[in-house]
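Participant: Compact mmCIF, C-alpha atoms, saved as entry-v2.txt, coming up:
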```txt
# COMPACT_ATOMS: atom_id res chain seq x y z
CA MET G 35 -25.75 8.57 1.67
CA THR G 36 -26.08 7.99 -2.07
CA THR G 37 -24.33 5.73 -4.53
CA GLU G 38 -22.41 8.82 -5.66
CA THR G 39 -20.92 9.36 -2.21
CA THR G 40 -20.66 5.67 -1.30
CA PRO G 41 -19.97 3.91 -4.61
CA LEU G 42 -18.50 0.87 -2.85
CA ARG G 43 -21.51 0.10 -0.69
CA GLY G 44 -21.96 -3.67 -0.73
CA ARG G 45 -18.39 -4.35 -1.89
CA ILE G 46 -16.20 -6.62 0.20
CA CYS G 47 -12.53 -5.66 0.49
CA LEU G 48 -9.47 -7.18 2.13
CA VAL G 49 -6.56 -4.89 2.93
CA ALA G 50 -3.68 -7.14 3.91
CA GLY G 51 -1.29 -5.09 5.99
CA ALA G 52 -3.58 -2.35 7.24
CA THR G 53 -2.05 -1.59 10.62
CA ARG G 54 -0.58 1.77 9.63
CA GLY G 55 0.69 3.90 6.76
CA ALA G 56 -0.63 3.31 3.27
CA GLY G 57 -2.57 0.19 4.24
CA ARG G 58 -4.49 1.95 6.98
CA ALA G 59 -5.32 4.91 4.73
CA ILE G 60 -6.43 2.64 1.89
CA ALA G 61 -8.74 0.76 4.24
CA VAL G 62 -10.22 4.00 5.59
CA GLN G 63 -10.81 5.46 2.14
CA LEU G 64 -12.48 2.26 0.97
CA GLY G 65 -14.68 2.61 4.06
CA THR G 66 -15.38 6.23 3.20
CA ALA G 67 -16.74 4.94 -0.11
CA GLY G 68 -19.04 2.58 1.81
CA ALA G 69 -17.17 -0.73 1.58
CA THR G 70 -16.95 -3.51 4.10
CA VAL G 71 -13.23 -3.84 4.77
CA TYR G 72 -11.40 -6.69 6.44
CA VAL G 73 -8.16 -5.27 7.83
CA THR G 74 -5.26 -7.48 8.81
CA GLY G 75 -1.87 -7.19 10.42
CA ARG G 76 0.19 -8.46 13.32
CA THR G 77 -0.08 -5.58 15.77
CA THR G 78 -3.17 -5.71 17.96
CA ARG G 79 -4.08 -4.16 21.29
CA GLU G 80 -2.72 -7.31 22.93
CA LYS G 81 0.36 -8.02 20.80
CA VAL G 82 3.00 -5.95 19.01
CA SER G 83 4.80 -7.12 15.88
CA GLU G 84 8.54 -6.95 15.25
CA VAL G 85 8.04 -3.42 13.88
CA GLY G 86 7.77 -2.42 17.53
CA ARG G 87 5.05 0.21 17.26
CA ALA G 88 2.21 -0.31 19.71
CA THR G 89 0.65 3.04 18.81
CA GLU G 90 -1.17 1.67 15.72
CA THR G 91 -3.31 -1.47 15.78
CA ILE G 92 -5.62 -3.24 13.38
CA GLU G 93 -8.50 -2.73 15.79
CA GLU G 94 -7.99 1.01 15.56
CA THR G 95 -7.88 0.80 11.76
CA ALA G 96 -11.17 -1.11 11.73
CA GLU G 97 -12.74 1.54 13.96
CA LEU G 98 -11.55 4.27 11.62
CA VAL G 99 -13.08 2.42 8.65
CA THR G 100 -16.42 2.21 10.43
CA ALA G 101 -16.28 5.84 11.54
CA ALA G 102 -15.64 6.81 7.92
CA GLY G 103 -18.90 5.22 6.82
CA GLY G 104 -17.97 1.66 5.98
CA GLU G 105 -17.71 -1.48 8.08
CA GLY G 106 -14.28 -2.32 9.42
CA ILE G 107 -13.50 -5.84 10.56
CA ALA G 108 -10.12 -6.49 12.19
CA VAL G 109 -8.64 -9.97 11.81
CA PRO G 110 -5.18 -10.55 13.34
CA THR G 111 -3.19 -12.32 10.63
CA ASP G 112 0.43 -13.17 10.00
CA HIS G 113 0.55 -13.35 6.22
CA LEU G 114 3.66 -15.51 6.35
CA ASP G 115 1.51 -18.29 7.83
CA PRO G 116 -0.58 -19.92 5.07
CA GLU G 117 -2.96 -21.46 7.61
CA GLN G 118 -3.75 -18.09 9.15
CA VAL G 119 -4.38 -16.61 5.70
CA ARG G 120 -6.49 -19.62 4.73
CA ALA G 121 -8.59 -19.15 7.87
CA LEU G 122 -8.98 -15.45 7.06
CA VAL G 123 -10.25 -16.15 3.54
CA GLU G 124 -12.58 -18.88 4.79
CA ARG G 125 -14.01 -16.40 7.29
CA ILE G 126 -14.63 -13.81 4.57
CA ASP G 127 -16.30 -16.48 2.45
CA ARG G 128 -18.43 -17.65 5.37
CA GLU G 129 -19.49 -14.15 6.40
CA GLN G 130 -19.78 -12.44 3.01
CA GLY G 131 -19.70 -15.11 0.31
CA ARG G 132 -17.53 -12.96 -1.94
CA LEU G 133 -14.42 -10.80 -2.22
CA ASP G 134 -14.35 -7.83 -4.59
CA VAL G 135 -11.07 -6.08 -3.80
CA LEU G 136 -7.78 -7.49 -2.53
CA VAL G 137 -5.08 -5.03 -1.52
CA ASN G 138 -1.66 -6.57 -0.90
CA ASP G 139 0.11 -4.00 1.27
CA VAL G 140 1.99 -6.27 3.66
CA TRP G 141 5.48 -4.98 4.47
CA GLY G 142 6.80 -4.00 7.90
CA GLY G 143 10.47 -4.20 6.92
CA GLU G 144 11.59 -0.59 7.33
CA HIS G 145 13.58 -1.43 10.45
CA LEU G 146 15.66 -3.89 8.41
CA VAL G 147 16.69 -1.52 5.63
CA THR G 148 20.26 -0.20 5.66
CA PHE G 149 21.79 1.96 2.96
CA GLY G 150 25.38 2.64 2.03
CA LYS G 151 26.50 -1.00 2.23
CA LYS G 152 27.15 -3.58 -0.46
CA THR G 153 25.02 -6.71 -0.59
CA TRP G 154 27.75 -8.81 1.00
CA GLU G 155 28.19 -6.25 3.77
CA ASN G 156 24.52 -6.24 4.74
CA ASP G 157 23.06 -8.57 7.31
CA LEU G 158 21.93 -11.68 5.42
CA ALA G 159 19.21 -12.63 7.89
CA GLY G 160 17.75 -9.13 7.75
CA GLY G 161 17.85 -9.10 3.96
CA LEU G 162 16.09 -12.44 3.66
CA ARG G 163 13.52 -11.29 6.20
CA MET G 164 12.75 -8.32 3.96
CA LEU G 165 12.05 -10.72 1.11
CA GLU G 166 9.78 -12.77 3.35
CA LEU G 167 7.85 -9.71 4.47
CA GLY G 168 7.63 -7.99 1.10
CA VAL G 169 7.38 -10.90 -1.35
CA ARG G 170 6.43 -14.17 0.31
CA THR G 171 3.50 -12.59 2.15
CA HIS G 172 2.05 -11.22 -1.08
CA ALA G 173 2.45 -14.55 -2.86
CA ILE G 174 0.75 -16.48 -0.04
CA THR G 175 -2.12 -14.01 0.18
CA SER G 176 -2.80 -13.99 -3.55
CA HIS G 177 -2.61 -17.77 -3.76
CA LEU G 178 -5.25 -18.19 -1.08
CA ALA G 179 -7.49 -15.14 -1.63
CA VAL G 180 -7.74 -14.88 -5.42
CA PRO G 181 -9.91 -18.02 -5.78
CA LEU G 182 -12.60 -16.23 -3.77
CA LEU G 183 -12.06 -13.01 -5.72
CA ILE G 184 -12.61 -14.63 -9.12
CA ARG G 185 -15.85 -16.26 -8.05
CA ASN G 186 -17.52 -13.12 -9.38
CA PRO G 187 -16.33 -11.15 -12.43
CA GLY G 188 -14.82 -7.71 -11.97
CA GLY G 189 -12.53 -8.40 -9.04
CA LEU G 190 -9.61 -6.06 -8.36
CA VAL G 191 -6.16 -6.88 -7.00
CA VAL G 192 -3.96 -3.96 -5.93
CA GLU G 193 -0.32 -4.57 -5.17
CA VAL G 194 1.28 -1.75 -3.17
CA THR G 195 4.99 -1.01 -3.50
CA ASP G 196 7.60 1.75 -3.48
CA GLY G 197 8.44 3.12 -6.91
CA THR G 198 6.86 2.99 -10.33
CA ALA G 199 7.92 0.39 -12.88
CA ALA G 200 9.48 3.14 -15.01
CA TYR G 201 11.50 4.51 -12.09
CA ASN G 202 12.60 1.20 -10.56
CA SER G 203 13.53 -0.45 -13.86
CA THR G 204 16.45 1.92 -14.42
CA ARG G 205 17.48 2.77 -10.87
CA PHE G 206 18.95 0.71 -8.05
CA ARG G 207 17.10 1.24 -4.78
CA GLU G 208 20.41 1.27 -2.86
CA ASN G 209 19.86 -2.02 -1.03
CA LEU G 210 19.57 -5.22 -3.07
CA TYR G 211 17.07 -6.88 -0.74
CA TYR G 212 14.90 -3.76 -0.62
CA ASP G 213 15.20 -3.42 -4.39
CA LEU G 214 13.98 -6.99 -4.87
CA ALA G 215 11.18 -6.62 -2.31
CA LYS G 216 9.82 -3.50 -4.00
CA ASN G 217 10.19 -4.68 -7.59
CA ALA G 218 8.51 -8.04 -6.98
CA PRO G 219 5.00 -6.54 -6.52
CA ILE G 220 5.35 -4.85 -9.92
CA ARG G 221 5.86 -8.22 -11.57
CA MET G 222 3.16 -9.80 -9.41
CA ALA G 223 0.60 -7.29 -10.66
CA PHE G 224 1.75 -7.83 -14.24
CA GLY G 225 1.45 -11.60 -13.93
CA LEU G 226 -1.85 -11.56 -12.07
CA ALA G 227 -3.30 -9.27 -14.71
CA LYS G 228 -2.61 -11.96 -17.30
CA GLU G 229 -4.11 -14.68 -15.14
CA LEU G 230 -7.21 -12.70 -14.12
CA ALA G 231 -8.12 -11.61 -17.63
CA GLU G 232 -10.28 -14.64 -18.41
CA TYR G 233 -12.25 -14.04 -15.20
CA GLY G 234 -12.92 -10.37 -15.91
CA GLY G 235 -10.51 -9.34 -13.15
CA THR G 236 -8.02 -6.50 -12.93
CA ALA G 237 -4.62 -6.33 -11.27
CA VAL G 238 -2.48 -3.22 -10.84
CA VAL G 239 0.41 -2.04 -8.72
CA VAL G 240 0.19 1.33 -6.97
CA THR G 241 2.92 3.35 -5.33
CA PRO G 242 2.68 6.41 -3.11
CA GLY G 243 5.38 9.04 -3.35
CA TRP G 244 7.36 10.22 -0.34
CA LEU G 245 4.90 8.95 2.22
CA ARG G 246 4.34 10.72 5.53
CA SER G 247 3.61 7.49 7.36
CA GLU G 248 3.48 7.39 11.14
CA GLN G 249 7.01 6.01 11.19
CA MET G 250 8.30 8.63 8.77
CA LEU G 251 6.80 11.45 10.80
CA ALA G 252 8.27 10.05 14.00
CA GLY G 253 11.66 9.75 12.34
CA PHE G 254 11.54 13.44 11.40
CA GLY G 255 10.26 14.43 14.84
CA VAL G 256 7.05 16.00 13.52
CA THR G 257 3.34 15.22 13.28
CA GLU G 258 0.92 15.43 10.39
CA GLU G 259 -0.18 18.80 11.76
CA ASN G 260 3.29 20.39 11.71
CA TRP G 261 5.12 18.23 9.15
CA ARG G 262 6.33 21.28 7.24
CA ASP G 263 8.65 22.07 10.14
CA ALA G 264 10.87 19.23 8.85
CA THR G 265 11.44 21.08 5.57
CA GLU G 266 13.68 23.55 7.39
CA LYS G 267 16.35 20.85 7.52
CA ILE G 268 15.26 18.79 4.49
CA PRO G 269 13.56 21.08 1.94
CA ASP G 270 12.74 18.16 -0.38
CA PHE G 271 10.32 16.85 2.25
CA GLY G 272 8.03 19.56 0.95
CA VAL G 273 6.94 17.23 -1.84
CA SER G 274 5.86 14.48 0.57
CA GLU G 275 2.29 13.24 0.70
CA SER G 276 -0.02 11.99 3.41
CA PRO G 277 -1.26 8.37 3.31
CA VAL G 278 -4.71 9.75 2.46
CA TYR G 279 -3.47 10.41 -1.08
CA VAL G 280 -2.74 6.79 -1.98
CA GLY G 281 -5.86 5.75 -0.06
CA ARG G 282 -7.98 7.90 -2.30
CA ALA G 283 -6.13 6.54 -5.32
CA VAL G 284 -7.07 2.95 -4.52
CA ALA G 285 -10.66 3.88 -3.62
CA ALA G 286 -11.01 5.70 -6.94
CA LEU G 287 -9.74 2.65 -8.81
CA ALA G 288 -12.11 0.35 -6.95
CA ALA G 289 -15.09 2.59 -7.75
CA ASP G 290 -14.23 2.95 -11.44
CA PRO G 291 -16.40 0.64 -13.58
CA ASP G 292 -13.84 1.03 -16.36
CA ARG G 293 -10.80 0.22 -14.21
CA HIS G 294 -9.81 -2.74 -16.38
CA ARG G 295 -8.11 -0.27 -18.73
CA TRP G 296 -5.37 -0.05 -16.12
CA THR G 297 -4.78 -3.79 -15.74
CA GLY G 298 -1.19 -4.88 -15.51
CA GLN G 299 0.04 -1.32 -15.16
CA SER G 300 2.17 0.43 -12.58
CA LEU G 301 0.44 3.54 -11.23
CA SER G 302 1.32 6.29 -8.78
CA SER G 303 -0.96 8.22 -6.46
CA ALA G 304 -0.13 11.41 -8.37
CA GLN G 305 -0.96 9.84 -11.74
CA LEU G 306 -4.32 8.61 -10.47
CA ALA G 307 -5.05 11.99 -8.86
CA GLY G 308 -4.68 13.57 -12.27
CA GLU G 309 -6.99 10.97 -13.78
CA TYR G 310 -9.71 10.92 -11.14
CA GLY G 311 -9.52 14.46 -9.80
CA PHE G 312 -8.94 13.78 -6.10
CA THR G 313 -6.40 15.58 -3.92
CA ASP G 314 -4.31 14.90 -0.86
CA ALA G 315 -5.79 15.77 2.52
CA ASP G 316 -4.55 19.38 2.24
CA GLY G 317 -6.07 19.93 -1.20
CA SER G 318 -2.77 19.65 -3.07
CA ARG G 319 -1.65 17.09 -5.66
CA PRO G 320 1.98 16.26 -4.88
CA ASP G 321 3.99 14.49 -7.58
CA ALA G 322 6.92 13.06 -5.66
CA TRP G 323 8.20 10.81 -8.44
CA GLY G 324 8.19 13.66 -10.91
CA PHE G 325 10.14 15.75 -8.43
CA ILE G 326 12.63 12.95 -7.70
CA VAL G 327 13.37 12.44 -11.39
CA ALA G 328 13.75 16.19 -11.94
CA SER G 329 16.15 16.32 -8.98
CA GLU G 330 18.56 14.03 -10.81
CA THR G 331 19.43 16.78 -13.27
CA GLY G 332 18.57 19.96 -11.42
CA LYS G 333 17.31 21.56 -8.22
CA PRO G 334 13.54 21.83 -8.60
CA ASN G 335 11.34 23.58 -6.07
CA PRO G 336 9.18 21.04 -4.19
CA GLU G 337 6.29 23.50 -4.20
CA ASP G 338 6.24 23.33 -8.02
CA TYR G 339 5.35 19.65 -7.69
CA ARG G 340 2.38 20.01 -5.32
```
How does the structure come out when it is put into structure tokens?

Facilitator:
Amino acid sequence: MTTETTPLRGRICLVAGATRGAGRAIAVQLGTAGATVYVTGRTTREKVSEVGRATETIEETAELVTAAGGEGIAVPTDHLDPEQVRALVERIDREQGRLDVLVNDVWGGEHLVTFGKKTWENDLAGGLRMLELGVRTHAITSHLAVPLLIRNPGGLVVEVTDGTAAYNSTRFRENLYYDLAKNAPIRMAFGLAKELAEYGGTAVVVTPGWLRSEQMLAGFGVTEENWRDATEKIPDFGVSESPVYVGRAVAALAADPDRHRWTGQSLSSAQLAGEYGFTDADGSRPDAWGFIVASETGKPNPEDYR
């Protein structure tokens, strides 16, 4: 292995919310680049979170990180509990003495999202839970982890959300609670960028496109191997992307010595693919947000956006 193939060797990363989906892929791609990655979440081989999926665990994610060439360390953590997050950060400090990359990917609220109802028709408890999972967790984690990150200059904070700033600022995401939960990380990255500047740190927000997460694939009744079968019923699914795509996006950012040029900005996996030259797992470069915008005024072919 060389520094060209493992540019993150010696870097210490925390991926908060790495059980599945984008978080898992980000952790694995950071490991592919040689990083030591602490992966957190609530689903372990002994306990399942409210998401209700026992098929993905943080232990498995850590093993995938290690198999990819890094070092994966699983730490069960509920990021709504400040004491658990504090203990996590203290452990990283004790074992590594530094933190170079913080990825805030905590979510787990898909099962609470309902569309087609007004705010007052939605379940209030479910809506507030979405805000806890998608906003409060990120705020707690940044509050407790950033002091370790800024101990050394050059730290990177990556907020992960759904939708670019440009897209979300002019479009309602159909459910007020979901809209708030997915716009908050955009403002968090903007604010953290201002605060980290004097410490030489960078903060960005990254969004995947139409993500073929484990839950999404299960919902469509397909696997990553035969996902195109779902396009027979929903042709637009042809523009979807695997979690590897956003994983490579974050790994490319982390390895870029000039990444501060992005600070405060909202970025998509497709935008970063164009900048850094990586592809999705199948060698394509899907641009889901470009396709979605084009679909508002026409009927574009998904294959033209891959």

Participant: Could you check the closest approach to Leu133 (chain G) for each of G:Arg79, G:Arg205, G:Arg295, G:Arg45 and tell me which residue wins, using all atoms listed in the file?

Facilitator: G:Arg45

Participant: Given only C-alpha atoms as the basis, pick out the residue of G:Met164, G:Ile184, G:Val135, G:Val49 nearest to Asp213 (chain G).

Facilitator: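 Residue with the minimum atom-to-atom distance to Asp213 (chain G): G:Met164.
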
Participant: So the first atom is CA of Asp263 (chain G) and the second is CA of Glu208 (chain G); what is the distance between them in Å, to one decimal place?

Facilitator: 27.2 Å

Participant: Which one is closest to Val123 (chain G): G:Leu190, G:Val109, G:Ala215, G:Ala285? Count all atoms listed in the file.

Facilitator: G:Val109

Participant: Considering only C-alpha atoms, return as a short mmCIF file (atom, residue, chain, number, x, y, z; two decimals) with C-alpha atoms, in the frame of the given file whatever protein or nucleic-acid residues lie within 7 Å of Ala50 (chain G), sequence-local ones (same chain, fewer than 6 positions apart) excluded.

Facilitator:
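Final output, around24.cif:
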```cif
data_model
loop_
_atom_site.label_atom_id
_atom_site.label_comp_id
_atom_site.auth_asym_id
_atom_site.auth_seq_id
_atom_site.Cartn_x
_atom_site.Cartn_y
_atom_site.Cartn_z
CA VAL G 73 -8.16 -5.27 7.83
CA THR G 74 -5.26 -7.48 8.81
CA GLY G 75 -1.87 -7.19 10.42
CA VAL G 137 -5.08 -5.03 -1.52
CA ASN G 138 -1.66 -6.57 -0.90
CA ASP G 139 0.11 -4.00 1.27
CA VAL G 140 1.99 -6.27 3.66
#
```

Participant: Which residues come within 10 Å of region 141-144 of chain G, counting all atoms listed in the file, excluding same-chain residues fewer than 6 positions away, as a PyMOL selection string?

Facilitator: chain G and resi 50-54+57+75-76+83-86+113+160-161+163-169+171-172+194-195+212+215-216+249-250
